[in-house]
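Engineer: Here you go, this is protein-v5.cif (mmCIF, C-alpha atoms).
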data_protein
#
loop_
_atom_site.label_atom_id
_atom_site.label_comp_id
_atom_site.auth_asym_id
_atom_site.auth_seq_id
_atom_site.Cartn_x
_atom_site.Cartn_y
_atom_site.Cartn_z
CA MET A 1 158.54 -120.62 38.08
CA ARG A 2 160.86 -118.68 40.30
CA ARG A 3 160.08 -118.07 43.97
CA GLY A 4 157.56 -115.27 44.49
CA ALA A 5 156.32 -115.23 40.90
CA TRP A 6 152.92 -116.82 41.68
CA PRO A 7 151.86 -114.42 44.46
CA SER A 8 152.79 -111.52 42.20
CA ALA A 9 150.73 -112.92 39.31
CA LEU A 10 147.80 -113.61 41.65
CA TRP A 11 147.86 -110.05 42.92
CA ARG A 12 147.92 -108.73 39.35
CA TRP A 13 144.96 -110.97 38.43
CA ARG A 14 142.97 -109.75 41.42
CA LEU A 15 143.73 -106.14 40.51
CA GLU A 16 142.65 -106.68 36.89
CA LEU A 17 139.45 -108.36 38.12
CA ALA A 18 138.68 -105.45 40.45
CA VAL A 19 139.28 -102.92 37.68
CA GLY A 20 137.06 -104.94 35.36
CA LEU A 21 134.27 -105.06 37.93
CA GLU A 22 134.58 -101.33 38.56
CA ALA A 23 134.43 -100.63 34.84
CA ASP A 24 131.32 -102.80 34.59
CA VAL A 25 129.64 -100.89 37.40
CA VAL A 26 130.51 -97.58 35.74
CA THR A 27 129.03 -98.83 32.46
CA ARG A 28 125.82 -99.81 34.22
CA LEU A 29 125.67 -96.69 36.41
CA PRO A 30 122.89 -94.96 34.43
CA GLN A 31 120.83 -98.15 34.63
CA ILE A 32 121.43 -98.39 38.38
CA GLN A 33 120.55 -94.74 38.90
CA GLU A 34 117.36 -95.10 36.90
CA ALA A 35 116.36 -98.20 38.85
CA PHE A 36 117.00 -96.42 42.15
CA GLN A 37 114.98 -93.40 41.09
CA HIS A 38 112.18 -95.67 39.91
CA PHE A 39 112.15 -97.34 43.32
CA LEU A 40 111.93 -94.01 45.14
CA LEU A 41 109.05 -92.86 42.95
CA THR A 42 107.04 -96.06 42.68
CA GLY A 43 108.28 -98.45 45.35
CA GLU A 44 109.04 -101.14 42.77
CA PRO A 45 112.27 -102.90 43.91
CA ALA A 46 114.04 -103.28 40.54
CA ILE A 47 117.12 -101.82 42.28
CA ALA A 48 117.27 -104.75 44.76
CA PRO A 49 119.90 -106.81 42.85
CA TYR A 50 122.33 -103.89 43.12
CA VAL A 51 121.91 -103.46 46.89
CA LEU A 52 124.07 -105.38 49.35
CA GLY A 53 122.19 -106.74 52.35
CA THR A 54 123.43 -108.31 55.56
CA GLY A 55 121.99 -110.60 58.18
CA ARG A 56 121.20 -107.67 60.44
CA VAL A 57 120.09 -105.27 57.70
CA PRO A 58 118.55 -107.12 54.73
CA VAL A 59 118.03 -105.51 51.35
CA GLU A 60 114.36 -104.80 52.01
CA THR A 61 115.20 -102.88 55.17
CA ARG A 62 117.86 -100.81 53.44
CA LEU A 63 115.54 -99.94 50.61
CA ALA A 64 112.80 -98.99 53.06
CA ILE A 65 115.19 -96.60 54.78
CA TYR A 66 115.85 -94.76 51.52
CA GLY A 67 112.23 -94.86 50.34
CA ASP A 68 110.79 -93.64 53.64
CA GLY A 69 113.52 -91.00 53.91
CA TYR A 70 112.69 -89.63 50.47
CA ARG A 71 108.99 -89.28 51.23
CA THR A 72 109.60 -87.93 54.72
CA ARG A 73 111.95 -85.25 53.43
CA LEU A 74 109.46 -84.07 50.80
CA ILE A 75 106.68 -83.94 53.40
CA GLU A 76 108.98 -81.84 55.59
CA VAL A 77 109.50 -79.50 52.64
CA LEU A 78 105.72 -79.17 52.25
CA GLN A 79 105.33 -78.45 55.94
CA ALA A 80 107.97 -75.71 55.78
CA THR A 81 106.19 -74.07 52.83
CA TYR A 82 102.66 -74.53 54.21
CA PRO A 83 103.01 -74.15 58.00
CA VAL A 84 99.53 -72.70 58.57
CA LEU A 85 97.86 -75.39 56.46
CA ALA A 86 99.79 -77.98 58.47
CA GLU A 87 98.60 -76.38 61.71
CA VAL A 88 94.99 -76.27 60.56
CA LEU A 89 94.96 -79.91 59.43
CA GLY A 90 96.96 -81.28 62.35
CA GLU A 91 100.07 -83.45 62.23
CA ALA A 92 98.44 -86.76 61.27
CA ASP A 93 96.13 -85.36 58.58
CA PHE A 94 98.88 -83.23 57.08
CA GLU A 95 101.19 -86.24 56.90
CA THR A 96 98.42 -88.13 55.08
CA LEU A 97 97.99 -85.21 52.69
CA GLY A 98 101.75 -85.03 52.17
CA SER A 99 102.01 -88.75 51.43
CA ARG A 100 99.22 -88.53 48.87
CA TYR A 101 100.74 -85.48 47.23
CA VAL A 102 104.23 -87.02 47.06
CA ALA A 103 102.81 -90.18 45.50
CA ALA A 104 101.00 -88.16 42.83
CA ASN A 105 103.66 -85.48 42.25
CA PRO A 106 107.28 -86.65 42.05
CA SER A 107 109.79 -83.86 42.56
CA THR A 108 111.09 -82.39 39.31
CA PHE A 109 113.06 -79.51 40.82
CA PHE A 110 116.77 -79.11 41.51
CA SER A 111 115.82 -77.04 44.58
CA ALA A 112 113.34 -78.46 47.07
CA ARG A 113 112.12 -74.89 47.67
CA TYR A 114 109.87 -75.13 44.62
CA TYR A 115 108.38 -78.50 45.46
CA GLY A 116 104.72 -78.19 46.36
CA ASP A 117 103.77 -75.75 43.61
CA CYS A 118 100.71 -77.86 42.68
CA LEU A 119 99.36 -78.41 46.19
CA ALA A 120 96.52 -75.89 45.87
CA GLY A 121 95.31 -77.56 42.68
CA PHE A 122 95.74 -80.99 44.27
CA LEU A 123 93.51 -79.98 47.19
CA ALA A 124 90.92 -78.52 44.82
CA SER A 125 90.69 -81.66 42.70
CA HIS A 126 91.22 -84.51 45.18
CA ALA A 127 88.02 -86.17 46.36
CA GLU A 128 89.13 -86.15 50.00
CA TYR A 129 89.70 -82.37 50.09
CA SER A 130 87.65 -80.70 47.34
CA SER A 131 84.62 -80.46 49.63
CA ALA A 132 86.61 -78.00 51.79
CA PRO A 133 87.72 -75.34 49.24
CA LEU A 134 89.10 -73.15 52.00
CA LEU A 135 92.05 -75.56 52.21
CA SER A 136 92.93 -75.04 48.55
CA GLU A 137 92.74 -71.26 48.91
CA LEU A 138 94.87 -71.40 52.05
CA ALA A 139 97.51 -73.38 50.17
CA GLY A 140 97.39 -70.85 47.32
CA TRP A 141 97.81 -68.03 49.83
CA GLU A 142 100.84 -69.60 51.49
CA TRP A 143 102.45 -70.38 48.13
CA ALA A 144 101.94 -66.74 47.11
CA MET A 145 103.48 -65.59 50.40
CA ALA A 146 106.56 -67.73 49.74
CA ALA A 147 106.81 -66.36 46.18
CA VAL A 148 106.59 -62.79 47.50
CA PHE A 149 109.37 -63.44 49.99
CA ASP A 150 111.66 -65.09 47.43
CA ALA A 151 111.07 -62.63 44.59
CA ALA A 152 113.98 -60.61 43.22
CA ASP A 153 114.78 -57.23 44.73
CA ALA A 154 114.13 -54.09 42.70
CA PRO A 155 114.69 -50.49 43.87
CA ALA A 156 111.37 -48.71 44.32
CA LEU A 157 110.59 -45.56 42.36
CA GLY A 158 110.22 -42.50 44.58
CA VAL A 159 107.55 -39.82 44.43
CA GLU A 160 110.29 -37.35 43.51
CA ALA A 161 110.98 -39.16 40.24
CA LEU A 162 107.34 -38.89 39.19
CA ALA A 163 107.27 -35.21 40.11
CA GLN A 164 109.82 -34.60 37.38
CA VAL A 165 107.52 -35.91 34.64
CA ALA A 166 106.06 -33.10 32.53
CA PRO A 167 102.22 -32.87 32.69
CA GLU A 168 101.87 -33.44 28.93
CA HIS A 169 103.59 -36.84 29.24
CA TRP A 170 101.47 -38.30 32.06
CA ALA A 171 98.85 -39.88 29.82
CA GLU A 172 101.50 -42.03 28.10
CA LEU A 173 103.33 -43.07 31.25
CA GLN A 174 103.65 -46.83 31.81
CA PHE A 175 104.75 -48.37 35.10
CA GLY A 176 106.98 -51.30 35.98
CA TRP A 177 105.89 -53.30 39.01
CA ALA A 178 108.02 -54.85 41.73
CA PRO A 179 108.70 -58.56 41.08
CA ALA A 180 107.35 -59.36 44.55
CA ALA A 181 103.86 -57.98 43.83
CA GLN A 182 101.15 -60.62 43.74
CA VAL A 183 97.37 -60.38 43.36
CA LEU A 184 95.23 -63.26 44.55
CA GLN A 185 91.47 -63.77 44.21
CA LEU A 186 89.92 -65.38 47.28
CA SER A 187 86.38 -66.44 48.13
CA TRP A 188 87.13 -67.42 51.76
CA ASN A 189 88.49 -65.49 54.75
CA VAL A 190 91.92 -67.06 54.28
CA PRO A 191 94.04 -63.98 55.17
CA GLN A 192 92.21 -63.61 58.48
CA LEU A 193 92.67 -67.31 59.26
CA TRP A 194 96.36 -67.17 58.26
CA LYS A 195 96.94 -64.14 60.49
CA ALA A 196 95.15 -65.72 63.46
CA VAL A 197 97.12 -68.97 63.25
CA THR A 198 100.43 -67.16 62.69
CA GLU A 199 99.85 -64.93 65.72
CA ALA A 200 98.38 -67.76 67.84
CA GLY A 201 95.11 -65.86 68.11
CA ALA A 202 91.48 -66.96 68.05
CA ARG A 203 90.67 -68.56 64.72
CA PRO A 204 87.70 -67.12 62.84
CA ASP A 205 84.95 -69.39 61.59
CA PRO A 206 85.15 -70.09 57.84
CA ALA A 207 83.40 -67.31 55.93
CA TYR A 208 82.51 -67.50 52.24
CA ASN A 209 82.28 -64.50 49.92
CA GLY A 210 80.58 -65.64 46.74
CA THR A 211 81.75 -62.67 44.67
CA GLY A 212 85.36 -63.08 45.79
CA THR A 213 87.87 -60.47 46.93
CA SER A 214 91.19 -59.53 45.36
CA TRP A 215 94.17 -59.30 47.70
CA LEU A 216 97.45 -57.52 47.00
CA LEU A 217 100.64 -59.01 48.51
CA TRP A 218 104.07 -57.42 48.33
CA ARG A 219 107.42 -57.20 50.12
CA ARG A 220 109.36 -54.20 51.32
CA ASP A 221 112.53 -54.29 53.43
CA LEU A 222 112.12 -58.06 54.04
CA GLN A 223 108.61 -57.46 55.41
CA ILE A 224 105.56 -58.95 53.67
CA TYR A 225 102.41 -56.83 53.46
CA PHE A 226 98.93 -57.57 52.18
CA ARG A 227 95.59 -55.81 51.89
CA ALA A 228 92.21 -56.25 50.26
CA LEU A 229 91.52 -54.40 47.02
CA SER A 230 88.39 -52.72 45.75
CA GLU A 231 87.14 -53.92 42.38
CA GLU A 232 88.30 -50.65 40.82
CA GLU A 233 91.82 -50.85 42.19
CA ALA A 234 92.15 -54.54 41.31
CA ALA A 235 91.17 -53.73 37.73
CA ALA A 236 93.60 -50.78 37.64
CA ILE A 237 96.46 -52.92 38.93
CA ALA A 238 95.74 -55.66 36.39
CA ALA A 239 95.68 -53.09 33.57
CA SER A 240 98.87 -51.39 34.74
CA ARG A 241 100.76 -54.66 35.08
CA ASP A 242 99.54 -55.54 31.60
CA GLY A 243 101.31 -52.46 30.20
CA ARG A 244 98.41 -50.02 30.03
CA SER A 245 99.33 -46.34 30.33
CA PHE A 246 98.16 -43.95 33.04
CA GLY A 247 95.79 -42.35 30.54
CA GLU A 248 94.27 -45.74 29.75
CA LEU A 249 93.74 -46.36 33.46
CA CYS A 250 91.83 -43.10 33.71
CA VAL A 251 89.68 -44.04 30.71
CA ALA A 252 88.91 -47.45 32.22
CA LEU A 253 87.87 -45.86 35.53
CA SER A 254 85.68 -43.32 33.72
CA THR A 255 83.22 -46.10 32.92
CA HIS A 256 82.23 -45.95 36.60
CA LEU A 257 83.12 -42.33 37.44
CA ASP A 258 83.06 -38.98 35.68
CA GLU A 259 86.27 -37.92 33.96
CA GLU A 260 87.61 -35.71 36.73
CA ASP A 261 86.88 -38.23 39.48
CA ALA A 262 88.44 -41.00 37.39
CA SER A 263 91.67 -39.03 37.03
CA LEU A 264 91.74 -38.26 40.74
CA ARG A 265 91.05 -41.89 41.62
CA ALA A 266 93.82 -43.13 39.28
CA ALA A 267 96.24 -40.59 40.76
CA GLY A 268 95.31 -41.75 44.26
CA PHE A 269 95.90 -45.37 43.35
CA LEU A 270 99.27 -44.50 41.81
CA ARG A 271 100.39 -42.52 44.84
CA GLY A 272 99.51 -45.43 47.12
CA TRP A 273 101.41 -47.87 44.90
CA VAL A 274 104.49 -45.66 44.87
CA GLU A 275 104.43 -45.06 48.62
CA SER A 276 104.16 -48.83 49.18
CA GLY A 277 107.25 -49.49 47.02
CA LEU A 278 105.26 -51.34 44.36
CA ILE A 279 106.40 -49.24 41.39
CA VAL A 280 109.99 -49.66 40.20
CA SER A 281 109.96 -47.77 36.89
CA ALA A 282 108.01 -45.23 34.84
CA GLN A 283 108.53 -45.14 31.08
CA LEU A 284 107.36 -43.17 28.08
CA PRO A 285 107.19 -45.63 25.16
CA SER A 286 106.98 -42.91 22.53
CA LEU A 287 110.22 -41.35 23.79
CA GLU A 288 112.30 -44.54 24.07
#
Represent the supplied structure as structure tokens.
Structural biologist:
Amino acid sequence: MRRGAWPSALWRWRLELAVGLEADVVTRLPQIQEAFQHFLLTGEPAIAPYVLGTGRVPVETRLAIYGDGYRTRLIEVLQATYPVLAEVLGEADFETLGSRYVAANPSTFFSARYYGDCLAGFLASHAEYSSAPLLSELAGWEWAMAAVFDAADAPALGVEALAQVAPEHWAELQFGWAPAAQVLQLSWNVPQLWKAVTEAGARPDPAYNGTGTSWLLWRRDLQIYFRALSEEEAAAIAASRDGRSFGELCVALSTHLDEEDASLRAAGFLRGWVESGLIVSAQLPSLE
């Protein structure tokens, strides 16, 4: 063997070994990823053989850093989405709630914004929280508020556009609603509690309304609004969003009012919806 041949061959062997090891890791990458995900979700350390530990930072410590970081980040996401609930429960109790929720509900979303969608149901069904139904309704309220804020924009229909509709076509008119509009049924004084906590005011005592109250939430110019609805208006909104025509709304209201009053009431509801920016279109199906 000539001088220098052995070091060159050794270097080539080391390079081929490194490439082979890299190729093996790439082949096993899905298995490694699955094991790591399984560890984050369950705490079972099947990923441990793939993790390099040191004397100062053993494998268990490194895994704990990732596992605790995953749960902590998801709890932070919950706190950002449910700030009033977090304030009402207090830091320690909310962290306990967050840990329980994360353990029972692994994230399935590409965006962390949508994590926490089941928290209201979790509070309603979990033995530790179901005895305080106000908490579940508060979570539902805050989730609805977030949905209102994130909903797509849609130009509101002006009163002038409706003024151009011929009188003979009004009965058939159907209305498109703003994507941000939400209606929530509540049995507790959640909106009052939410407002008091948000504005750092005096918190009201929990108050239960057995019949329940419908609340309308919507967004206009980046501002969120909400108000309580009468039973009649809640029913009219539900019918309108379900595709019922203006004439059908009047007929539905006439079960409680005479025909003239029903028409006036429906017109009043519609004007309020339009002025609030809730209506984005008016269509005549028979003329499409």
Engineer: Go through A:Ala238, A:Leu173, A:Ala200, A:Ala146 one by one, measure the shortest atom-to-atom distance of each to Glu87 in chain A using only C-alpha atoms, and give the residue with the smallest value.
Structural biologist: A:Ala200
Engineer: Measuring between all atoms listed in the file, which one of A:Trp218, A:Phe149, A:Phe246, A:Tyr129 shows the shortest distance to Leu89 in chain A?
Structural biologist: A:Tyr129
Engineer: Would you pick out the contacts of Tyr82 in chain A at 9 Å or less, using only C-alpha atoms, so that residues sharing its chain but fewer than 5 positions from it are not included, and give the list as a ChimeraX atom specification?
Structural biologist: /A:77,87,116,138-139,142-143
Engineer: Which of these residues is nearest to Asn105 in chain A, using only C-alpha atoms: A:Ala124, A:Arg56, A:Ile75, A:Gln182?
Structural biologist: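 Between A:Ala124, A:Arg56, A:Ile75, A:Gln182, the residue approaching Asn105 in chain A most closely is A:Ile75.
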Engineer: Interatomic distance between CA of Leu217 in chain A and CA of Pro83 in chain A?
Structural biologist: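 Separation between CA of Leu217 in chain A and CA of Pro83 in chain A: 18.0 Å.
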Engineer: Suppose a student applies the PyMOL selection byres ((chain A and resi 285) around 12) to this structure; what residues should they get, written as a tab-separated table (two decimals) with C-alpha atoms, keeping the file's coordinate frame?
Structural biologist:
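Full text of out03.tsv as output:
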chain	number	residue	atom	x	y	z
A	169	HIS	CA	103.59	-36.84	29.24
A	170	TRP	CA	101.47	-38.30	32.06
A	171	ALA	CA	98.85	-39.88	29.82
A	172	GLU	CA	101.50	-42.03	28.10
A	173	LEU	CA	103.33	-43.07	31.25
A	174	GLN	CA	103.65	-46.83	31.81
A	175	PHE	CA	104.75	-48.37	35.10
A	243	GLY	CA	101.31	-52.46	30.20
A	244	ARG	CA	98.41	-50.02	30.03
A	245	SER	CA	99.33	-46.34	30.33
A	282	ALA	CA	108.01	-45.23	34.84
A	283	GLN	CA	108.53	-45.14	31.08
A	284	LEU	CA	107.36	-43.17	28.08
A	286	SER	CA	106.98	-42.91	22.53
A	287	LEU	CA	110.22	-41.35	23.79
A	288	GLU	CA	112.30	-44.54	24.07
Engineer: Kindly give the distance, in Å, that separates CA of Glu232 in chain A and CA of Trp188 in chain A, rounded to a single decimal.
Structural biologist: 20.1 Å
Engineer: List the residues selected by the PyMOL selection byres ((chain A and resi 234) around 10) in the file shown, writing them as a ChimeraX atom specification.
Structural biologist: /A:183-185,213-216,228-233,235-240
Engineer: Can you list, as a PDB file with C-alpha atoms, in the frame of the given file, every protein, DNA or RNA residue that comes within 7 Å of range 98-104 of chain A when you count only C-alpha atoms, leaving out same-chain residues fewer than 2 positions away?
Structural biologist:
ATOM      1  CA  ARG A  71     108.990 -89.280  51.230  1.00  0.00           C
ATOM      2  CA  ILE A  75     106.680 -83.940  53.400  1.00  0.00           C
ATOM      3  CA  PHE A  94      98.880 -83.230  57.080  1.00  0.00           C
ATOM      4  CA  GLU A  95     101.190 -86.240  56.900  1.00  0.00           C
ATOM      5  CA  THR A  96      98.420 -88.130  55.080  1.00  0.00           C
ATOM      6  CA  PRO A 106     107.280 -86.650  42.050  1.00  0.00           C
TER       7      PRO A 106
END
Engineer: Residue by residue, what does the PyMOL selection byres ((chain A and resi 278) around 10) grab here? Present the result as a compact mmCIF listing (two decimals) with C-alpha atoms, keeping the file's coordinate frame.
Structural biologist:
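File expr_2.txt, as written:
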# COMPACT_ATOMS: atom_id res chain seq x y z
CA ALA A 154 114.13 -54.09 42.70
CA PRO A 155 114.69 -50.49 43.87
CA ALA A 156 111.37 -48.71 44.32
CA LEU A 157 110.59 -45.56 42.36
CA PHE A 175 104.75 -48.37 35.10
CA GLY A 176 106.98 -51.30 35.98
CA TRP A 177 105.89 -53.30 39.01
CA ALA A 178 108.02 -54.85 41.73
CA PRO A 179 108.70 -58.56 41.08
CA ALA A 180 107.35 -59.36 44.55
CA ALA A 181 103.86 -57.98 43.83
CA LEU A 217 100.64 -59.01 48.51
CA TRP A 218 104.07 -57.42 48.33
CA ARG A 219 107.42 -57.20 50.12
CA ARG A 220 109.36 -54.20 51.32
CA LEU A 270 99.27 -44.50 41.81
CA GLY A 272 99.51 -45.43 47.12
CA TRP A 273 101.41 -47.87 44.90
CA VAL A 274 104.49 -45.66 44.87
CA GLU A 275 104.43 -45.06 48.62
CA SER A 276 104.16 -48.83 49.18
CA GLY A 277 107.25 -49.49 47.02
CA ILE A 279 106.40 -49.24 41.39
CA VAL A 280 109.99 -49.66 40.20
CA SER A 281 109.96 -47.77 36.89
Engineer: Nearest to Val84 in chain A: which of A:Asp258, A:Asp221, A:Asp153, A:Glu199 is it, counting all atoms listed in the file?
Structural biologist: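 Ranked by minimum distance to Val84 in chain A, first place goes to A:Glu199.
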